[in-house]
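**Q** To be precise about what I am sending: the file is called coords.csv and holds CSV, C-alpha atoms.
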```
chain,number,residue,atom,x,y,z
A,11,MET,CA,97.9,4.9,20.6
A,12,ALA,CA,100.8,7.0,19.4
A,13,THR,CA,100.5,8.3,15.8
A,14,ASP,CA,104.2,8.3,15.1
A,15,PRO,CA,104.4,5.2,12.9
A,16,ALA,CA,107.7,4.0,14.3
A,17,VAL,CA,106.5,4.4,17.9
A,18,ALA,CA,103.2,2.8,17.1
A,19,ALA,CA,104.9,-0.2,15.5
A,20,THR,CA,107.3,-0.7,18.3
A,21,THR,CA,104.3,-0.6,20.8
A,22,VAL,CA,102.6,-3.3,18.8
A,23,VAL,CA,105.6,-5.6,19.1
A,24,GLU,CA,105.9,-5.0,22.8
A,25,MET,CA,102.2,-5.8,23.2
A,26,ALA,CA,102.8,-9.1,21.3
A,27,ARG,CA,105.7,-9.9,23.5
A,28,ASP,CA,103.4,-9.5,26.5
A,29,GLY,CA,100.6,-11.6,25.0
A,30,ARG,CA,98.2,-8.7,24.5
A,31,PHE,CA,96.9,-9.9,21.1
A,32,THR,CA,93.3,-8.8,21.6
A,33,GLU,CA,94.5,-5.2,22.2
A,34,ILE,CA,96.5,-5.4,19.0
A,35,GLU,CA,93.5,-6.5,17.1
A,36,GLY,CA,91.7,-3.4,18.3
A,37,LEU,CA,94.4,-1.4,16.5
A,38,PHE,CA,93.8,-3.0,13.1
A,39,ALA,CA,92.5,-0.8,10.3
A,40,ALA,CA,89.8,-2.3,8.0
A,41,PRO,CA,92.1,-4.0,5.5
A,42,LEU,CA,94.0,-5.9,8.1
A,43,ARG,CA,91.0,-6.6,10.3
A,44,ALA,CA,89.5,-8.4,7.3
A,45,GLN,CA,92.5,-10.7,7.1
A,46,VAL,CA,93.8,-11.4,10.6
A,47,SER,CA,92.2,-12.1,14.0
A,48,ALA,CA,93.8,-11.9,17.5
A,49,GLU,CA,93.9,-15.7,17.6
A,50,ALA,CA,95.6,-16.0,14.2
A,51,LEU,CA,98.2,-13.4,15.3
A,52,ARG,CA,98.7,-15.3,18.6
A,53,ALA,CA,99.3,-18.5,16.7
A,54,ALA,CA,101.7,-16.9,14.3
A,55,TRP,CA,103.7,-15.3,17.1
A,56,ALA,CA,103.8,-18.6,18.9
A,57,ALA,CA,105.1,-20.3,15.8
A,58,GLU,CA,108.0,-17.8,15.7
A,59,THR,CA,108.9,-17.9,19.4
A,60,SER,CA,108.5,-21.7,19.8
A,61,VAL,CA,111.5,-22.1,17.4
A,62,LYS,CA,113.5,-19.1,18.3
A,63,GLY,CA,112.8,-18.9,22.0
A,64,PRO,CA,111.5,-16.1,24.3
A,65,VAL,CA,112.0,-12.5,23.2
A,66,SER,CA,115.0,-10.9,24.8
A,67,ALA,CA,115.0,-7.5,23.0
A,68,VAL,CA,112.9,-5.3,20.7
A,69,GLY,CA,115.2,-3.4,18.3
A,70,GLU,CA,115.1,0.0,16.7
A,71,PRO,CA,112.4,0.4,14.1
A,72,VAL,CA,113.2,1.3,10.4
A,73,SER,CA,110.6,3.3,8.6
A,74,GLU,CA,110.0,3.6,4.8
A,75,PRO,CA,107.1,5.7,3.3
A,76,ILE,CA,104.8,3.6,1.0
A,77,GLN,CA,102.4,6.3,-0.1
A,78,ALA,CA,100.7,9.4,1.3
A,79,GLY,CA,99.5,8.6,4.8
A,80,LEU,CA,101.1,5.1,5.0
A,81,VAL,CA,104.5,4.0,6.3
A,82,ARG,CA,106.1,0.6,6.3
A,83,VAL,CA,107.9,0.0,9.6
A,84,SER,CA,110.2,-3.0,10.3
A,85,VAL,CA,110.9,-3.8,13.9
A,86,PRO,CA,113.7,-6.4,14.7
A,87,VAL,CA,113.0,-8.9,17.4
A,88,THR,CA,115.8,-10.7,19.1
A,89,CYS,CA,115.1,-14.1,20.8
A,90,GLU,CA,117.2,-16.5,22.8
A,91,HIS,CA,117.9,-18.7,19.8
A,92,GLY,CA,117.6,-16.3,16.9
A,93,GLY,CA,115.3,-13.5,15.7
A,94,PHE,CA,112.8,-12.3,13.2
A,95,THR,CA,111.4,-9.0,11.9
A,96,VAL,CA,107.8,-7.7,12.3
A,97,VAL,CA,106.9,-5.7,9.3
A,98,MET,CA,103.9,-3.4,9.6
A,99,SER,CA,102.1,-0.8,7.4
A,100,VAL,CA,101.0,2.0,9.7
A,101,ASP,CA,98.7,4.9,8.7
A,102,ASP,CA,98.9,8.4,10.0
A,103,THR,CA,96.3,7.7,12.7
A,104,GLY,CA,98.6,4.9,14.1
A,105,LEU,CA,96.4,2.0,12.9
A,106,LEU,CA,97.9,-1.1,11.3
A,107,ASN,CA,97.0,-1.7,7.6
A,108,GLY,CA,99.3,-4.7,7.2
A,109,LEU,CA,101.4,-7.0,9.4
A,110,ARG,CA,103.7,-9.9,8.6
A,111,PHE,CA,106.7,-11.7,10.0
A,112,ALA,CA,109.9,-11.8,8.0
A,113,PRO,CA,113.5,-13.1,8.5
A,114,ALA,CA,115.8,-11.3,10.8
A,115,ASP,CA,117.8,-10.0,7.9
A,116,ILE,CA,115.5,-9.0,5.0
A,117,ALA,CA,117.4,-9.3,1.8
A,118,GLU,CA,116.7,-7.2,-1.2
A,119,TRP,CA,114.9,-8.7,-4.2
A,120,ALA,CA,117.2,-9.4,-7.1
A,121,PRO,CA,116.0,-10.3,-10.7
A,122,PRO,CA,115.8,-14.0,-11.5
A,123,SER,CA,118.2,-15.4,-14.0
A,124,TYR,CA,115.5,-15.7,-16.7
A,125,ALA,CA,114.7,-12.0,-16.6
A,126,ARG,CA,116.3,-9.8,-19.3
A,127,PRO,CA,115.5,-6.2,-18.2
A,128,GLU,CA,117.3,-4.8,-21.2
A,129,THR,CA,114.5,-6.2,-23.4
A,130,PHE,CA,111.5,-4.3,-21.9
A,131,ASP,CA,110.5,-1.1,-20.2
A,132,GLU,CA,108.3,-0.4,-17.2
A,133,TYR,CA,105.8,2.4,-16.7
A,134,GLU,CA,103.7,3.6,-13.8
A,135,VAL,CA,100.0,3.5,-14.5
A,136,THR,CA,96.7,4.0,-12.6
A,137,VAL,CA,94.2,1.2,-12.7
A,138,GLY,CA,90.5,2.1,-12.2
A,139,ALA,CA,89.1,5.6,-11.6
A,140,GLY,CA,87.6,7.5,-8.7
A,141,PRO,CA,88.4,7.2,-5.0
A,142,LEU,CA,89.3,3.5,-5.3
A,143,ALA,CA,91.9,3.8,-8.1
A,144,VAL,CA,95.2,2.0,-7.5
A,145,PRO,CA,98.7,2.3,-8.8
A,146,GLY,CA,100.2,-0.3,-11.1
A,147,THR,CA,103.2,-1.2,-13.3
A,148,LEU,CA,103.0,-1.9,-17.0
A,149,GLY,CA,105.9,-3.9,-18.5
A,150,LEU,CA,106.2,-3.5,-22.3
A,151,PRO,CA,108.7,-5.5,-24.4
A,152,ARG,CA,110.8,-3.4,-26.8
A,153,GLY,CA,110.4,-3.8,-30.5
A,154,GLY,CA,107.4,-4.3,-32.8
A,155,GLY,CA,103.9,-5.2,-31.8
A,156,PRO,CA,101.1,-5.6,-31.2
A,157,ARG,CA,101.9,-8.1,-28.5
A,158,PRO,CA,99.7,-10.4,-26.3
A,159,GLY,CA,99.1,-9.0,-22.8
A,160,VAL,CA,98.4,-10.4,-19.4
A,161,VAL,CA,97.0,-9.0,-16.1
A,162,LEU,CA,98.5,-10.5,-12.9
A,163,LEU,CA,96.3,-11.1,-9.8
A,164,SER,CA,97.9,-11.9,-6.4
A,165,GLY,CA,96.5,-14.2,-3.7
A,166,GLY,CA,94.3,-13.5,-0.7
A,167,GLY,CA,95.5,-10.6,1.5
A,168,PRO,CA,96.3,-6.9,1.0
A,169,PHE,CA,99.2,-7.6,-1.3
A,170,ASP,CA,101.1,-5.0,-3.4
A,171,ARG,CA,101.6,-5.4,-7.1
A,172,ASP,CA,104.6,-7.7,-6.6
A,173,ALA,CA,103.0,-10.0,-4.0
A,174,THR,CA,105.9,-8.9,-1.8
A,175,SER,CA,106.8,-11.2,1.1
A,176,GLY,CA,110.1,-10.5,2.7
A,177,ALA,CA,112.8,-10.7,0.0
A,178,ASN,CA,110.5,-12.5,-2.4
A,179,LYS,CA,108.3,-10.9,-5.1
A,180,PRO,CA,106.7,-13.8,-7.0
A,181,LEU,CA,104.5,-11.6,-9.2
A,182,LYS,CA,107.5,-9.4,-10.1
A,183,ASP,CA,109.3,-12.6,-11.0
A,184,LEU,CA,106.5,-13.6,-13.3
A,185,ALA,CA,106.1,-10.0,-14.7
A,186,TRP,CA,109.8,-9.7,-15.6
A,187,GLY,CA,110.0,-13.3,-16.9
A,188,LEU,CA,107.0,-12.9,-19.2
A,189,ALA,CA,108.0,-9.4,-20.4
A,190,SER,CA,111.4,-10.8,-21.2
A,191,ARG,CA,109.6,-13.3,-23.5
A,192,GLY,CA,107.6,-10.8,-25.4
A,193,VAL,CA,104.4,-10.5,-23.3
A,194,ALA,CA,103.0,-7.1,-22.1
A,195,VAL,CA,102.4,-7.4,-18.4
A,196,LEU,CA,100.2,-5.3,-16.1
A,197,ARG,CA,100.3,-5.8,-12.3
A,198,TYR,CA,98.7,-3.5,-9.7
A,199,ASP,CA,98.4,-3.0,-5.9
A,200,LYS,CA,95.3,-4.6,-4.6
A,201,VAL,CA,92.6,-2.3,-3.5
A,202,THR,CA,92.9,-3.7,0.0
A,203,HIS,CA,96.6,-2.8,0.0
A,204,VAL,CA,95.9,0.8,-0.9
A,205,HIS,CA,92.5,1.7,0.5
A,206,ALA,CA,90.4,1.0,3.6
A,207,MET,CA,87.4,-1.0,2.4
A,208,ALA,CA,83.9,-1.2,3.8
A,209,ASP,CA,83.3,-4.0,6.3
A,210,ASP,CA,80.9,-5.7,3.9
A,211,PHE,CA,83.2,-5.9,0.9
A,212,THR,CA,83.4,-9.2,-0.9
A,213,MET,CA,85.9,-11.2,-3.0
A,214,ALA,CA,84.2,-9.8,-6.1
A,215,ASP,CA,84.8,-6.2,-4.9
A,216,GLU,CA,88.4,-7.1,-4.1
A,217,TYR,CA,89.2,-8.5,-7.6
A,218,VAL,CA,86.7,-7.9,-10.4
A,219,PRO,CA,86.4,-4.1,-10.9
A,220,HIS,CA,90.1,-3.4,-11.0
A,221,THR,CA,91.0,-6.5,-13.1
A,222,VAL,CA,88.4,-5.5,-15.7
A,223,ALA,CA,89.8,-2.0,-15.7
A,224,ALA,CA,93.3,-3.4,-16.1
A,225,VAL,CA,92.2,-5.5,-19.0
A,226,HIS,CA,90.7,-2.5,-20.7
A,227,LEU,CA,93.8,-0.5,-20.1
A,228,LEU,CA,95.9,-3.0,-21.9
A,229,GLN,CA,93.4,-3.4,-24.7
A,230,ARG,CA,93.5,0.4,-25.4
A,231,ARG,CA,97.2,0.4,-26.1
A,232,PRO,CA,98.1,0.2,-29.8
A,233,ASP,CA,101.2,-1.9,-29.0
A,234,VAL,CA,99.0,-4.6,-27.4
A,235,ASP,CA,96.8,-7.1,-29.3
A,236,ALA,CA,93.4,-6.3,-27.8
A,237,ALA,CA,92.1,-9.8,-28.8
A,238,ARG,CA,94.9,-11.5,-26.8
A,239,VAL,CA,94.7,-10.1,-23.3
A,240,PHE,CA,94.7,-12.8,-20.7
A,241,VAL,CA,94.2,-12.9,-16.9
A,242,LEU,CA,96.7,-14.7,-14.7
A,243,GLY,CA,95.7,-15.3,-11.1
A,244,HIS,CA,97.7,-16.9,-8.2
A,245,SER,CA,96.0,-18.6,-5.3
A,246,MET,CA,92.8,-16.6,-4.5
A,247,GLY,CA,93.6,-14.6,-7.6
A,248,GLY,CA,93.3,-17.9,-9.5
A,249,LYS,CA,90.0,-18.6,-7.8
A,250,ALA,CA,88.8,-15.2,-8.8
A,251,ALA,CA,90.0,-15.4,-12.4
A,252,PRO,CA,86.9,-17.2,-13.8
A,253,ARG,CA,84.7,-14.6,-12.1
A,254,VAL,CA,86.6,-11.9,-13.9
A,255,ALA,CA,86.3,-13.6,-17.3
A,256,ALA,CA,82.6,-14.1,-16.7
A,257,ALA,CA,82.2,-10.4,-16.1
A,258,GLU,CA,84.4,-9.4,-19.0
A,259,PRO,CA,83.9,-11.5,-22.2
A,260,SER,CA,86.8,-9.9,-24.0
A,261,VAL,CA,89.3,-11.7,-21.7
A,262,ALA,CA,91.2,-14.1,-24.1
A,263,GLY,CA,91.9,-16.8,-21.6
A,264,LEU,CA,92.9,-17.7,-18.1
A,265,VAL,CA,96.1,-18.8,-16.4
A,266,ILE,CA,95.4,-20.2,-13.0
A,267,LEU,CA,98.3,-20.9,-10.6
A,268,ALA,CA,97.5,-22.8,-7.4
A,269,GLY,CA,93.9,-21.7,-7.6
A,270,ASP,CA,91.9,-23.0,-4.7
A,271,ALA,CA,88.8,-24.8,-5.6
A,272,GLN,CA,87.9,-26.4,-2.3
A,273,PRO,CA,85.4,-24.2,-0.3
A,274,MET,CA,87.5,-21.6,1.5
A,275,HIS,CA,86.3,-22.3,5.0
A,276,GLN,CA,87.0,-26.0,4.6
A,277,ALA,CA,90.5,-25.3,3.1
A,278,ALA,CA,91.2,-23.0,6.1
A,279,VAL,CA,90.6,-25.9,8.5
A,280,ARG,CA,92.7,-28.3,6.4
A,281,VAL,CA,95.7,-25.9,6.2
A,282,VAL,CA,95.6,-25.0,10.0
A,283,ARG,CA,95.4,-28.7,10.8
A,284,TYR,CA,98.5,-29.3,8.7
A,285,LEU,CA,100.3,-26.5,10.4
A,286,ALA,CA,99.3,-27.8,13.9
A,287,ALA,CA,100.8,-31.1,13.0
A,288,LEU,CA,104.1,-29.4,12.3
A,289,ASP,CA,103.9,-27.1,15.4
A,290,PRO,CA,101.7,-27.9,18.4
A,291,ALA,CA,101.6,-24.2,19.2
A,292,ALA,CA,99.1,-23.8,16.4
A,293,LYS,CA,96.5,-26.2,18.0
A,294,ALA,CA,94.7,-23.3,19.6
A,295,ALA,CA,94.3,-21.6,16.2
A,296,LEU,CA,92.9,-25.0,14.9
A,297,GLU,CA,90.2,-25.0,17.5
A,298,THR,CA,89.3,-21.4,16.6
A,299,ILE,CA,89.2,-21.9,12.9
A,300,GLU,CA,87.1,-25.1,13.2
A,301,ARG,CA,84.5,-23.2,15.3
A,302,GLN,CA,84.5,-20.3,12.8
A,303,ALA,CA,84.3,-22.5,9.7
A,304,ALA,CA,81.3,-24.2,11.3
A,305,VAL,CA,79.5,-20.9,11.4
A,306,VAL,CA,80.3,-20.3,7.7
A,307,ALA,CA,78.8,-23.7,6.8
A,308,GLY,CA,75.8,-23.3,9.1
A,309,PRO,CA,72.3,-22.1,8.2
A,310,ASP,CA,72.4,-19.0,10.3
A,311,LEU,CA,75.2,-17.2,8.4
A,312,SER,CA,74.0,-13.7,7.5
A,313,PRO,CA,75.4,-10.3,6.6
A,314,VAL,CA,75.1,-9.3,10.2
A,315,THR,CA,77.0,-12.3,11.6
A,316,PRO,CA,79.8,-10.7,13.7
A,317,SER,CA,83.2,-10.9,11.9
A,318,THR,CA,84.8,-12.0,15.1
A,319,GLU,CA,82.8,-15.3,14.8
A,320,LEU,CA,84.1,-15.9,11.2
A,321,PRO,CA,87.5,-17.0,9.7
A,322,PHE,CA,90.1,-14.3,9.1
A,323,GLY,CA,87.8,-11.6,10.5
A,324,PHE,CA,85.9,-11.4,7.1
A,325,SER,CA,82.4,-10.2,7.3
A,326,GLY,CA,79.2,-12.3,6.9
A,327,SER,CA,78.7,-10.7,3.5
A,328,TYR,CA,82.2,-11.8,2.4
A,329,TRP,CA,81.5,-15.4,3.5
A,330,LEU,CA,78.1,-15.6,2.0
A,331,ASP,CA,79.6,-14.5,-1.3
A,332,MET,CA,82.4,-17.0,-1.1
A,333,ARG,CA,80.0,-19.8,-0.1
A,334,GLY,CA,77.9,-19.1,-3.1
A,335,TYR,CA,80.7,-19.0,-5.6
A,336,ASP,CA,82.0,-22.1,-7.4
A,337,PRO,CA,85.1,-21.3,-9.4
A,338,VAL,CA,85.1,-24.6,-11.2
A,339,ALA,CA,81.5,-24.3,-12.4
A,340,THR,CA,82.1,-20.7,-13.4
A,341,ALA,CA,85.2,-21.7,-15.4
A,342,ALA,CA,83.3,-24.6,-17.0
A,343,ALA,CA,80.7,-22.2,-18.4
A,344,LEU,CA,83.3,-20.0,-20.1
A,345,ASP,CA,84.3,-20.4,-23.7
A,346,ARG,CA,87.9,-19.4,-23.1
A,347,PRO,CA,91.0,-21.5,-23.0
A,348,MET,CA,92.7,-22.1,-19.7
A,349,LEU,CA,96.1,-23.1,-18.4
A,350,ILE,CA,96.0,-24.5,-14.8
A,351,LEU,CA,99.2,-25.0,-13.0
A,352,GLN,CA,99.9,-26.7,-9.6
A,353,GLY,CA,102.9,-27.3,-7.4
A,354,ALA,CA,102.9,-30.9,-6.1
A,355,ARG,CA,104.5,-29.8,-2.8
A,356,ASP,CA,101.8,-27.1,-2.1
A,357,TYR,CA,100.2,-27.6,1.3
A,358,GLN,CA,97.8,-24.6,1.0
A,359,VAL,CA,96.3,-25.5,-2.4
A,360,THR,CA,96.8,-29.2,-3.1
A,361,VAL,CA,96.7,-31.7,-5.9
A,362,GLU,CA,94.2,-33.8,-4.0
A,363,ASP,CA,91.9,-31.1,-2.6
A,364,ASP,CA,91.9,-28.5,-5.4
A,365,LEU,CA,93.5,-29.6,-8.6
A,366,ALA,CA,91.3,-32.7,-8.6
A,367,ARG,CA,88.2,-30.5,-8.5
A,368,TRP,CA,89.5,-28.4,-11.5
A,369,LYS,CA,90.2,-31.6,-13.4
A,370,ALA,CA,86.9,-33.2,-12.6
A,371,GLY,CA,84.9,-30.1,-13.6
A,372,LEU,CA,86.8,-29.3,-16.8
A,373,ALA,CA,87.5,-32.9,-18.0
A,374,HIS,CA,85.3,-32.4,-21.0
A,375,ARG,CA,87.2,-29.3,-22.2
A,376,SER,CA,89.9,-29.9,-24.9
A,377,ASP,CA,91.1,-26.3,-24.5
A,378,VAL,CA,92.1,-26.6,-20.8
A,379,THR,CA,95.7,-27.6,-20.1
A,380,PHE,CA,96.9,-28.9,-16.7
A,381,ARG,CA,100.5,-28.9,-15.5
A,382,VAL,CA,102.0,-30.2,-12.2
A,383,TYR,CA,105.5,-29.2,-11.1
A,384,GLU,CA,106.7,-31.9,-8.7
A,385,ALA,CA,109.3,-29.8,-6.9
A,386,ASP,CA,107.2,-26.6,-6.4
A,387,ASN,CA,105.4,-25.2,-3.4
A,388,HIS,CA,102.5,-22.8,-3.2
A,389,LEU,CA,104.6,-19.9,-4.6
A,390,PHE,CA,106.1,-22.1,-7.3
A,391,PHE,CA,109.4,-22.0,-5.6
A,392,PRO,CA,111.3,-25.3,-6.2
A,393,GLY,CA,112.3,-27.3,-3.1
A,394,ALA,CA,112.4,-30.8,-1.6
A,395,GLY,CA,110.6,-32.6,1.3
A,396,PRO,CA,107.4,-31.5,3.0
A,397,SER,CA,106.6,-27.8,2.6
A,398,GLY,CA,106.0,-25.4,5.5
A,399,PRO,CA,105.9,-21.6,6.2
A,400,ALA,CA,109.6,-21.4,6.9
A,401,GLU,CA,110.3,-22.5,3.3
A,402,TYR,CA,109.0,-19.1,2.0
A,403,GLU,CA,111.5,-17.0,4.0
A,404,PRO,CA,114.8,-17.3,2.0
A,405,ALA,CA,115.2,-15.2,-1.1
A,406,GLN,CA,114.2,-17.3,-4.1
A,407,HIS,CA,112.4,-17.1,-7.4
A,408,VAL,CA,109.5,-18.6,-9.3
A,409,ASP,CA,110.4,-21.8,-11.1
A,410,PRO,CA,111.8,-20.9,-14.6
A,411,ALA,CA,109.8,-23.8,-16.1
A,412,VAL,CA,106.6,-22.2,-14.9
A,413,VAL,CA,107.5,-18.9,-16.6
A,414,ALA,CA,108.5,-20.6,-19.8
A,415,ASP,CA,105.3,-22.7,-20.0
A,416,ILE,CA,103.1,-19.7,-19.4
A,417,ALA,CA,104.9,-17.6,-22.0
A,418,GLU,CA,104.7,-20.4,-24.6
A,419,TRP,CA,101.0,-20.9,-23.9
A,420,ILE,CA,100.1,-17.2,-24.1
A,421,ALA,CA,102.4,-16.4,-27.1
A,422,PRO,CA,103.1,-19.7,-28.9
```
Can you dump the structure from the file as structure tokens?
**A**
Amino acid sequence: MATDPAVAATTVVEMARDGRFTEIEGLFAAPLRAQVSAEALRAAWAAETSVKGPVSAVGEPVSEPIQAGLVRVSVPVTCEHGGFTVVMSVDDTGLLNGLRFAPADIAEWAPPSYARPETFDEYEVTVGAGPLAVPGTLGLPRGGGPRPGVVLLSGGGPFDRDATSGANKPLKDLAWGLASRGVAVLRYDKVTHVHAMADDFTMADEYVPHTVAAVHLLQRRPDVDAARVFVLGHSMGGKAAPRVAAAEPSVAGLVILAGDAQPMHQAAVRVVRYLAALDPAAKAALETIERQAAVVAGPDLSPVTPSTELPFGFSGSYWLDMRGYDPVATAAALDRPMLILQGARDYQVTVEDDLARWKAGLAHRSDVTFRVYEADNHLFFPGAGPSGPAEYEPAQHVDPAVVADIAEWIAP
């Protein structure tokens, strides 16, 4: 494959147009291979083209350097009834490190109304040490200290520090909103966003070392109260948060937003079944995920189980680790306060399947607070009616009530 990122990305889109998804999967670098399979890509492509019609043209790519050796390329796709953009991260060997679909016209992120950028400053930092160190951003409120601090964790996938998705940056919303309310905030690019990981990496490898390093970075600052450094995780970041606190006793408490508690392989089937009900084109993906989830649940799962037989292309080691991890039981064993937030319209992490598990396992704890936001979806964007993937596309912001509640809980 060509090593020019723009040419490489355009070739990938042309392959998708022609239905050559297995060939595209062969061009995935390790971070993307761990997240997406050929079948999942086929289903996502079908979901776009089933609404917008057959592809009529592939447009000119637009390239933007991300870091040394990695370029973000956006390729516009025109269909009979609309269009969309394929956004890829391409390394200098022509391999894909990230791939997502975005609206045809990607708007720029703008600060939410509750952010007051004149009240805080941001600084570039490095989280961790050695070959797997990652870049991050530290937001510090102006004025006297020391202040409470919080480390933000994004959900599953090779997200950047802002959890960027199209025009939306939900972690940046949270960071700017909390910094505007007097909380020092540290967010960082996930290791899977910055580095190629070994095939046998686990969720613990993905979250724990860097989050602990980020906690220590905040605690070392004289303008941060070392006894009041919290961890806030969204989605899989929320699932991982108790594991971080178990590894680092100095964490003051946890904020868990839409943290999944249902076993991940079961949740994957539930979510794809929901999507298949919205769009019959996803039925093929449902059959695949059901077969792969059965392998995860079965007695023969091992570190050498081929990743092609497992959900999202994760390794056998990854799934063994996930299968053996109970976030609710881990949280129940902690002596730290927790704030657990859930959107009532979330179809990925739900009140019935996930929040109910947190409530049942932590019912005996007087230091655990639960909040449900009736209008919010998985990203805590307010809306109405049944939620679906298309709801994430327009530019929007995290619910201001969510930001206010978190700030008040961290710094009452």
**Q** May I have the residues at most 8 Å from (108.4, -17.3, -17.8) in the file's coordinates, counting all atoms listed in the file, as a list in words?
**A**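 Checked against the point, the hits come out as Tyr124, Leu184, Gly187, Leu188, Ser190, Arg191, Pro410, Ala411, Val412, Val413, Ala414, Asp415, Ile416 and Ala417 of chain A.
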**Q** Based on the selection just made, write C-alpha atoms of those residues as an mmCIF file, in the frame of the given file.
**A**
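Dumped everything to result.cif:
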```cif
data_model
loop_
_atom_site.group_PDB
_atom_site.id
_atom_site.type_symbol
_atom_site.label_atom_id
_atom_site.label_comp_id
_atom_site.auth_asym_id
_atom_site.auth_seq_id
_atom_site.Cartn_x
_atom_site.Cartn_y
_atom_site.Cartn_z
ATOM 1 C CA TYR A 124 115.500 -15.700 -16.700
ATOM 2 C CA LEU A 184 106.500 -13.600 -13.300
ATOM 3 C CA GLY A 187 110.000 -13.300 -16.900
ATOM 4 C CA LEU A 188 107.000 -12.900 -19.200
ATOM 5 C CA SER A 190 111.400 -10.800 -21.200
ATOM 6 C CA ARG A 191 109.600 -13.300 -23.500
ATOM 7 C CA PRO A 410 111.800 -20.900 -14.600
ATOM 8 C CA ALA A 411 109.800 -23.800 -16.100
ATOM 9 C CA VAL A 412 106.600 -22.200 -14.900
ATOM 10 C CA VAL A 413 107.500 -18.900 -16.600
ATOM 11 C CA ALA A 414 108.500 -20.600 -19.800
ATOM 12 C CA ASP A 415 105.300 -22.700 -20.000
ATOM 13 C CA ILE A 416 103.100 -19.700 -19.400
ATOM 14 C CA ALA A 417 104.900 -17.600 -22.000
#
```
**Q** To one decimal in Å, tell me the separation between CA of Asp409 in chain A and CA of Gly243 in chain A.
**A**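 So the two atoms, CA of Asp409 in chain A and CA of Gly243 in chain A, lie 16.1 Å apart.
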**Q** Please, which residues are within 12 Å of (106.5, -16.4, 14.3) by the file's coordinates, counting all atoms listed in the file, and could they come as a ChimeraX atom specification?
**A** /A:23,26-27,50-65,87-89,92-97,109-114,289,291-292,399-400,403
**Q** Kindly export the residues of the current selection with C-alpha atoms, as a PDB file, in the coordinates of the input.
**A**
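Saved result, out-v2.pdb, follows:
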```pdb
ATOM      1  CA  VAL A  23     105.600  -5.600  19.100  1.00  0.00           C
ATOM      2  CA  ALA A  26     102.800  -9.100  21.300  1.00  0.00           C
ATOM      3  CA  ARG A  27     105.700  -9.900  23.500  1.00  0.00           C
ATOM      4  CA  ALA A  50      95.600 -16.000  14.200  1.00  0.00           C
ATOM      5  CA  LEU A  51      98.200 -13.400  15.300  1.00  0.00           C
ATOM      6  CA  ARG A  52      98.700 -15.300  18.600  1.00  0.00           C
ATOM      7  CA  ALA A  53      99.300 -18.500  16.700  1.00  0.00           C
ATOM      8  CA  ALA A  54     101.700 -16.900  14.300  1.00  0.00           C
ATOM      9  CA  TRP A  55     103.700 -15.300  17.100  1.00  0.00           C
ATOM     10  CA  ALA A  56     103.800 -18.600  18.900  1.00  0.00           C
ATOM     11  CA  ALA A  57     105.100 -20.300  15.800  1.00  0.00           C
ATOM     12  CA  GLU A  58     108.000 -17.800  15.700  1.00  0.00           C
ATOM     13  CA  THR A  59     108.900 -17.900  19.400  1.00  0.00           C
ATOM     14  CA  SER A  60     108.500 -21.700  19.800  1.00  0.00           C
ATOM     15  CA  VAL A  61     111.500 -22.100  17.400  1.00  0.00           C
ATOM     16  CA  LYS A  62     113.500 -19.100  18.300  1.00  0.00           C
ATOM     17  CA  GLY A  63     112.800 -18.900  22.000  1.00  0.00           C
ATOM     18  CA  PRO A  64     111.500 -16.100  24.300  1.00  0.00           C
ATOM     19  CA  VAL A  65     112.000 -12.500  23.200  1.00  0.00           C
ATOM     20  CA  VAL A  87     113.000  -8.900  17.400  1.00  0.00           C
ATOM     21  CA  THR A  88     115.800 -10.700  19.100  1.00  0.00           C
ATOM     22  CA  CYS A  89     115.100 -14.100  20.800  1.00  0.00           C
ATOM     23  CA  GLY A  92     117.600 -16.300  16.900  1.00  0.00           C
ATOM     24  CA  GLY A  93     115.300 -13.500  15.700  1.00  0.00           C
ATOM     25  CA  PHE A  94     112.800 -12.300  13.200  1.00  0.00           C
ATOM     26  CA  THR A  95     111.400  -9.000  11.900  1.00  0.00           C
ATOM     27  CA  VAL A  96     107.800  -7.700  12.300  1.00  0.00           C
ATOM     28  CA  VAL A  97     106.900  -5.700   9.300  1.00  0.00           C
ATOM     29  CA  LEU A 109     101.400  -7.000   9.400  1.00  0.00           C
ATOM     30  CA  ARG A 110     103.700  -9.900   8.600  1.00  0.00           C
ATOM     31  CA  PHE A 111     106.700 -11.700  10.000  1.00  0.00           C
ATOM     32  CA  ALA A 112     109.900 -11.800   8.000  1.00  0.00           C
ATOM     33  CA  PRO A 113     113.500 -13.100   8.500  1.00  0.00           C
ATOM     34  CA  ALA A 114     115.800 -11.300  10.800  1.00  0.00           C
ATOM     35  CA  ASP A 289     103.900 -27.100  15.400  1.00  0.00           C
ATOM     36  CA  ALA A 291     101.600 -24.200  19.200  1.00  0.00           C
ATOM     37  CA  ALA A 292      99.100 -23.800  16.400  1.00  0.00           C
ATOM     38  CA  PRO A 399     105.900 -21.600   6.200  1.00  0.00           C
ATOM     39  CA  ALA A 400     109.600 -21.400   6.900  1.00  0.00           C
ATOM     40  CA  GLU A 403     111.500 -17.000   4.000  1.00  0.00           C
TER      41      GLU A 403
END
```
**Q** Would you list the contacts of Tyr328 in chain A as a list in words, taking every protein, DNA or RNA residue within 8 Å and counting only C-alpha atoms, but skipping same-chain residues closer than 2 positions in sequence?
**A** Asp210, Phe211, Thr212, Met213, Phe324, Ser325, Gly326, Leu330, Asp331 and Met332 of chain A
**Q** What's the 8 Å shell around Arg152 in chain A, counting all atoms listed in the file, without same-chain residues fewer than 2 positions away, as a ChimeraX atom specification?
**A** /A:129-131,150,154
